[in-house]
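As stored in work_35.pdb (PDB, C-alpha atoms and all ligand atoms):
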```
MODEL        1
ATOM      1  CA  MET A   1       8.724   2.674  14.855
ATOM      2  CA  PRO A   2       9.101   2.452  11.093
ATOM      3  CA  THR A   3       8.185   5.653   9.357
ATOM      4  CA  LYS A   4       5.593   5.542   6.658
ATOM      5  CA  ALA A   5       7.329   5.110   3.335
ATOM      6  CA  THR A   6       6.901   7.960   0.939
ATOM      7  CA  ALA A   7       6.419   7.303  -2.747
ATOM      8  CA  SER A   8       9.727   6.801  -4.432
ATOM      9  CA  THR A   9      10.721   6.257  -8.050
ATOM     10  CA  SER A  10      10.924   2.522  -7.443
ATOM     11  CA  SER A  11       7.417   2.030  -6.056
ATOM     12  CA  LEU A  12       4.838   0.575  -8.402
ATOM     13  CA  PRO A  13       1.603   2.444  -9.039
ATOM     14  CA  ASP A  14      -1.302   0.643  -7.379
ATOM     15  CA  HIS A  15      -3.108  -0.049 -10.638
ATOM     16  CA  SER A  16      -0.152  -1.997 -12.023
ATOM     17  CA  LEU A  17       0.020  -4.394  -9.075
ATOM     18  CA  ASN A  18      -2.586  -6.787 -10.454
ATOM     19  CA  ARG A  19      -1.329  -6.520 -14.040
ATOM     20  CA  PHE A  20       2.302  -7.124 -13.234
ATOM     21  CA  ARG A  21       4.354  -8.006 -16.304
ATOM     22  CA  ALA A  22       6.709 -10.210 -14.367
ATOM     23  CA  ARG A  23       8.838 -11.614 -17.201
ATOM     24  CA  GLU A  24       9.390  -8.162 -18.712
ATOM     25  CA  PHE A  25      10.192  -6.803 -15.274
ATOM     26  CA  ALA A  26      12.742  -9.593 -14.737
ATOM     27  CA  ALA A  27      14.260  -9.263 -18.206
ATOM     28  CA  ALA A  28      14.774  -5.548 -17.640
ATOM     29  CA  GLY A  29      16.353  -6.195 -14.245
ATOM     30  CA  GLN A  30      13.927  -3.809 -12.585
ATOM     31  CA  ALA A  31      13.302  -3.519  -8.877
ATOM     32  CA  ALA A  32      10.362  -2.145  -6.938
ATOM     33  CA  SER A  33       9.540  -1.579  -3.314
ATOM     34  CA  GLY A  34       6.686  -0.292  -1.216
ATOM     35  CA  THR A  35       4.589  -0.908   1.851
ATOM     36  CA  VAL A  36       1.406  -2.895   2.341
ATOM     37  CA  ARG A  37      -1.125  -2.798   5.119
ATOM     38  CA  LEU A  38      -1.945  -6.374   6.089
ATOM     39  CA  ALA A  39      -5.625  -5.447   6.272
ATOM     40  CA  ASP A  40      -5.489  -5.149   2.467
ATOM     41  CA  TRP A  41      -4.570  -8.834   2.191
ATOM     42  CA  PRO A  42      -7.599 -10.915   3.243
ATOM     43  CA  ARG A  43      -5.719 -14.148   3.947
ATOM     44  CA  ALA A  44      -2.845 -12.411   5.725
ATOM     45  CA  ALA A  45      -5.211 -10.296   7.802
ATOM     46  CA  GLU A  46      -6.673 -13.479   9.269
ATOM     47  CA  SER A  47      -3.255 -14.835  10.188
ATOM     48  CA  VAL A  48      -2.099 -11.983  12.403
ATOM     49  CA  VAL A  49      -3.324 -10.251  15.548
ATOM     50  CA  ASP A  50      -2.807  -6.751  14.192
ATOM     51  CA  PRO A  51      -4.010  -6.438  10.577
ATOM     52  CA  ALA A  52      -3.402  -2.689  10.804
ATOM     53  CA  ALA A  53       0.342  -3.373  10.743
ATOM     54  CA  GLU A  54       2.283  -2.291   7.689
ATOM     55  CA  ILE A  55       5.107  -4.269   6.225
ATOM     56  CA  ALA A  56       7.628  -3.342   3.567
ATOM     57  CA  TYR A  57       8.385  -5.319   0.436
ATOM     58  CA  ARG A  58      11.004  -5.309  -2.231
ATOM     59  CA  VAL A  59      10.822  -7.186  -5.541
ATOM     60  CA  GLU A  60      13.899  -7.548  -7.663
ATOM     61  CA  GLY A  61      13.845  -8.873 -11.209
ATOM     62  CA  GLY A  62      16.685 -10.794 -12.782
ATOM     63  CA  ALA A  63      17.751 -14.304 -13.698
ATOM     64  CA  ASP A  64      19.177 -17.284 -11.859
ATOM     65  CA  ALA A  65      22.569 -18.875 -12.647
ATOM     66  CA  SER A  66      21.011 -20.859 -15.504
ATOM     67  CA  GLY A  67      19.376 -17.800 -17.019
ATOM     68  CA  ARG A  68      15.829 -18.557 -15.882
ATOM     69  CA  PRO A  69      13.887 -15.332 -15.314
ATOM     70  CA  ARG A  70      13.445 -14.824 -11.623
ATOM     71  CA  LEU A  71      11.935 -12.514  -9.021
ATOM     72  CA  LEU A  72      13.481 -12.124  -5.599
ATOM     73  CA  PHE A  73      11.039 -11.183  -2.860
ATOM     74  CA  ALA A  74      12.053  -9.652   0.440
ATOM     75  CA  LEU A  75       9.549  -8.687   3.124
ATOM     76  CA  SER A  76      10.476  -6.751   6.212
ATOM     77  CA  GLY A  77       8.749  -5.520   9.313
ATOM     78  CA  SER A  78       7.211  -7.262  12.262
ATOM     79  CA  VAL A  79       3.730  -8.584  12.923
ATOM     80  CA  GLU A  80       1.916 -10.017  15.910
ATOM     81  CA  VAL A  81       0.972 -13.681  15.811
ATOM     82  CA  ILE A  82      -0.421 -15.996  18.481
ATOM     83  CA  CYS A  83       1.984 -18.258  20.329
ATOM     84  CA  GLN A  84       0.593 -21.765  19.868
ATOM     85  CA  ARG A  85       1.794 -22.821  23.318
ATOM     86  CA  CYS A  86       0.489 -20.087  25.649
ATOM     87  CA  LEU A  87      -1.936 -18.426  23.184
ATOM     88  CA  HIS A  88      -0.524 -14.972  23.932
ATOM     89  CA  PRO A  89       0.370 -12.542  21.148
ATOM     90  CA  MET A  90       4.044 -12.409  20.198
ATOM     91  CA  GLN A  91       6.095 -10.386  17.750
ATOM     92  CA  TRP A  92       7.269 -12.140  14.614
ATOM     93  CA  GLN A  93      10.073 -10.538  12.666
ATOM     94  CA  LEU A  94       9.818 -10.918   8.902
ATOM     95  CA  GLY A  95      12.991 -11.447   6.978
ATOM     96  CA  GLY A  96      14.821 -13.470   4.425
ATOM     97  CA  GLN A  97      14.506 -13.573   0.707
ATOM     98  CA  THR A  98      12.631 -15.967  -1.539
ATOM     99  CA  ALA A  99      13.085 -16.677  -5.215
ATOM    100  CA  VAL A 100      10.292 -17.273  -7.709
ATOM    101  CA  LEU A 101      11.041 -18.457 -11.247
ATOM    102  CA  LEU A 102       8.801 -17.215 -14.058
ATOM    103  CA  ALA A 103       7.867 -19.986 -16.468
ATOM    104  CA  ALA A 104       6.720 -18.985 -19.939
ATOM    105  CA  ASN A 105       4.426 -21.994 -20.360
ATOM    106  CA  GLN A 106       3.073 -25.094 -18.649
ATOM    107  CA  ARG A 107       5.863 -27.358 -19.978
ATOM    108  CA  GLN A 108       8.532 -25.051 -18.597
ATOM    109  CA  LEU A 109       6.672 -24.812 -15.310
ATOM    110  CA  GLU A 110       6.715 -28.583 -14.870
ATOM    111  CA  ALA A 111      10.347 -28.942 -15.990
ATOM    112  CA  TRP A 112      11.634 -26.226 -13.683
ATOM    113  CA  ASP A 113       9.523 -27.483 -10.839
ATOM    114  CA  SER A 114      11.349 -30.813 -10.961
ATOM    115  CA  GLU A 115      14.802 -29.300 -11.684
ATOM    116  CA  VAL A 116      14.906 -26.537  -9.108
ATOM    117  CA  GLU A 117      14.772 -27.090  -5.373
ATOM    118  CA  GLU A 118      15.617 -23.680  -4.005
ATOM    119  CA  ALA A 119      12.978 -21.601  -5.794
ATOM    120  CA  GLU A 120       9.262 -21.666  -6.379
ATOM    121  CA  VAL A 121       8.015 -21.679  -9.950
ATOM    122  CA  VAL A 122       4.961 -19.825 -11.206
ATOM    123  CA  LEU A 123       3.339 -19.714 -14.620
ATOM    124  CA  ALA A 124       3.942 -16.202 -15.934
ATOM    125  CA  ASP A 125       2.570 -16.466 -19.477
ATOM    126  CA  GLN A 126       0.337 -13.485 -18.714
ATOM    127  CA  PRO A 127       0.465 -10.569 -16.287
ATOM    128  CA  LEU A 128       0.459 -11.679 -12.667
ATOM    129  CA  ASN A 129      -1.185 -10.240  -9.604
ATOM    130  CA  LEU A 130       1.807  -8.963  -7.662
ATOM    131  CA  ASN A 131      -0.368  -8.316  -4.641
ATOM    132  CA  GLU A 132      -1.294 -11.991  -4.467
ATOM    133  CA  LEU A 133       2.302 -13.106  -4.995
ATOM    134  CA  LEU A 134       3.436 -10.874  -2.153
ATOM    135  CA  GLU A 135       0.666 -12.165   0.075
ATOM    136  CA  ASP A 136       1.676 -15.753  -0.750
ATOM    137  CA  GLU A 137       5.257 -14.952   0.186
ATOM    138  CA  PHE A 138       4.088 -13.375   3.418
ATOM    139  CA  LEU A 139       2.000 -16.417   4.361
ATOM    140  CA  LEU A 140       4.802 -18.836   3.464
ATOM    141  CA  GLY A 141       7.142 -16.861   5.697
ATOM    142  CA  LEU A 142       4.898 -17.109   8.749
ATOM    143  CA  PRO A 143       5.715 -19.896  11.213
ATOM    144  CA  PHE A 144       3.272 -22.797  11.120
ATOM    145  CA  ALA A 145       3.227 -23.031  14.923
ATOM    146  CA  PRO A 146       4.865 -19.931  16.415
ATOM    147  CA  MET A 147       6.209 -20.229  19.942
ATOM    148  CA  CYS A 148       7.295 -17.325  22.107
ATOM    149  CA  ASP A 149      10.506 -17.001  24.149
ATOM    150  CA  ASP A 150       8.686 -16.400  27.430
ATOM    151  CA  PRO A 151      10.187 -18.800  30.014
ATOM    152  CA  GLY A 152       6.739 -19.165  31.584
ATOM    153  CA  CYS A 153       5.449 -20.386  28.239
ATOM    154  CA  ALA A 154       8.063 -23.151  28.014
ATOM    155  CA  ARG A 155       7.300 -24.304  31.602
ATOM    156  CA  ARG A 156       3.644 -24.453  30.756
ATOM    157  CA  ALA A 157       4.391 -26.674  27.782
ATOM    158  CA  GLY A 158       6.133 -29.131  30.129
ATOM    159  CA  SER A 159       3.146 -29.402  32.445
ATOM    160  CA  GLU A 160       0.695 -29.654  29.557
ATOM    161  CA  ALA A 161       2.611 -32.554  28.049
ATOM    162  CA  GLN A 162       2.026 -34.496  31.276
ATOM    163  CA  GLY A 163      -1.673 -33.746  31.403
ATOM    164  CA  ALA A 164      -2.532 -34.414  27.793
ATOM    165  CA  ASP A 165      -5.972 -35.690  28.741
ATOM    166  CA  GLU A 166      -6.947 -32.124  29.684
ATOM    167  CA  ILE A 167      -7.362 -31.234  26.039
ATOM    168  CA  ARG A 168     -10.915 -30.083  25.483
ATOM    169  CA  ILE A 169     -12.758 -31.006  22.344
ATOM    170  CA  ASP A 170     -15.146 -28.277  21.373
ATOM    171  CA  THR A 171     -17.828 -30.394  19.808
ATOM    172  CA  LEU A 172     -21.147 -30.734  21.513
ATOM    173  CA  PRO A 173     -22.431 -34.214  22.106
ATOM    174  CA  GLU A 174     -25.335 -34.897  19.757
ATOM    175  CA  ASP A 175     -27.804 -35.203  22.642
ATOM    176  CA  SER A 176     -27.317 -31.551  23.560
ATOM    177  CA  SER A 177     -28.673 -30.372  20.200
ATOM    178  CA  PRO A 178     -31.810 -28.244  20.676
ATOM    179  CA  PHE A 179     -33.393 -30.329  17.926
ATOM    180  CA  GLY A 180     -33.074 -33.417  20.108
ATOM    181  CA  ALA A 181     -35.558 -31.972  22.595
ATOM    182  CA  LEU A 182     -37.800 -30.714  19.803
ATOM    183  CA  ARG A 183     -37.766 -34.100  18.156
ATOM    184  CA  GLY A 184     -38.866 -35.620  21.466
ATOM    185  CA  LYS A 185     -41.840 -33.222  21.684
ATOM    186  CA  LEU A 186     -42.894 -33.812  18.103
ATOM    187  CA  GLY A 187     -42.619 -37.520  18.630
ATOM    188  CA  SER A 188     -44.919 -37.465  21.653
ATOM    189  CA  LYS A 189     -47.398 -35.212  19.838
ATOM    190  CA  GLN A 190     -47.613 -37.608  16.905
ATOM    191  CA  SER A 191     -48.185 -40.570  19.152
ATOM    192  CA  ASN A 192     -51.290 -38.953  20.647
TER     193      ASN A 192
HETATM  194 ZN    ZN B   1       4.072 -18.620  24.459
ENDMDL
END
```
Turn this file's structure into structure tokens for me.
Amino acid sequence: MPTKATASTSSLPDHSLNRFRAREFAAAGQAASGTVRLADWPRAAESVVDPAAEIAYRVEGGADASGRPRLLFALSGSVEVICQRCLHPMQWQLGGQTAVLLAANQRQLEAWDSEVEEAEVVLADQPLNLNELLEDEFLLGLPFAPMCDDPGCARRAGSEAQGADEIRIDTLPEDSSPFGALRGKLGSKQSN
């Protein structure tokens, strides 16, 4: 079990998270790290089974090879997501690092967006909400259709592929609407 991180010199005070001076941070080559409870991120909380889980983040400021100001994001920890094949919860290990370039204006944003493949570009002409950026990174790092390693799950996928017509569509036929019956009653009343 990961131990709860204690405040360190590199963690950002909570009040500065939504007024994050990203370009200054990058220019100064600063780094920050901390932990976040997924329950504090509304969109992330909906994407996992266990919103009470805590994950760790690290943000590192700097520049890319061409001197563009850049943030490197790294998230670590593990969360529970739903396997899209057997619909059972499974652990998903966070990892990897993503780069975000910090454009000073709209023109730069568009130019960098077309020049750079390996990084995202955000408009950073004013303070950013670091919380939202981290949540975006978290959501981008989640698998679109997670599948577990359970051998039973893979077998099930094989049998489901053969019986594709078993797929249920959860829409009620229009006739089953309670208003249908009501409409019938009203209709007969009016005809009296
Ligand atoms: Zn599964």
key: Given 9 Å and only C-alpha atoms and all ligand atoms, residues near ligand ZN 1 (chain B) as a PyMOL selection string   = chain A and resi 82-90+146-154+156-157
task = Could you give me, as a list in words, the residues within 12 Å of A:Ser66, counting only C-alpha atoms and dropping anything in the same chain fewer than 6 positions from it?
result = Leu101, Trp112, Glu115 and Val116 of chain A
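Between atom CA of A:Arg58 and atom CA of A:Ala44 there is a distance of 17.5 Å.
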message = If we count all atoms listed in the file and set the cut-off at 6 Å, which residues sit around stretch 124-132 of chain A, ignoring sequence neighbours fewer than 5 positions away in its own chain? Please answer as a PyMOL selection string.
response = chain A and resi 17-21+102-105
query = What separation in Å, quoted to one decimal, exists between atom CA of A:Val122 and atom CA of A:Glu80?
reply = 29.0 Å
Using only C-alpha atoms, give me every residue within 6 Å of (7.7, -13.9, 0.1) in file coordinates, as a compact mmCIF listing (two decimals) with C-alpha atoms, in the frame of the given file.
```
# COMPACT_ATOMS: atom_id res chain seq x y z
CA PHE A 73 11.04 -11.18 -2.86
CA THR A 98 12.63 -15.97 -1.54
CA LEU A 134 3.44 -10.87 -2.15
CA GLU A 137 5.26 -14.95 0.19
CA PHE A 138 4.09 -13.38 3.42
```
ask   = So what does the PyMOL selection byres (((chain A and resi 97) around 8) and not hetatm) actually pick up in this one, as a PyMOL selection string?
value = chain A and resi 72-75+95-96+98-99
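Interatomic distance, atom CA of A:Ala39 against atom CA of A:Gly77: 14.7 Å.
Applied to this file, the PyMOL selection byres (((chain A and resi 79) around 10) and not hetatm) selects the residues Leu38, Ser47, Val48, Val49, Asp50, Pro51, Ala52, Ala53, Glu54, Ile55, Ser76, Gly77, Ser78, Glu80, Val81, Pro89, Met90, Gln91, Trp92, Gln93, Leu94 and Leu142 of chain A.
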task = Pull out every residue that the PyMOL selection byres (((chain A and resi 23-28) around 7) and not hetatm) matches in the shown coordinates and put them as a ChimeraX atom specification.
result = /A:21-22,29-30,61-63,69-71,102,124
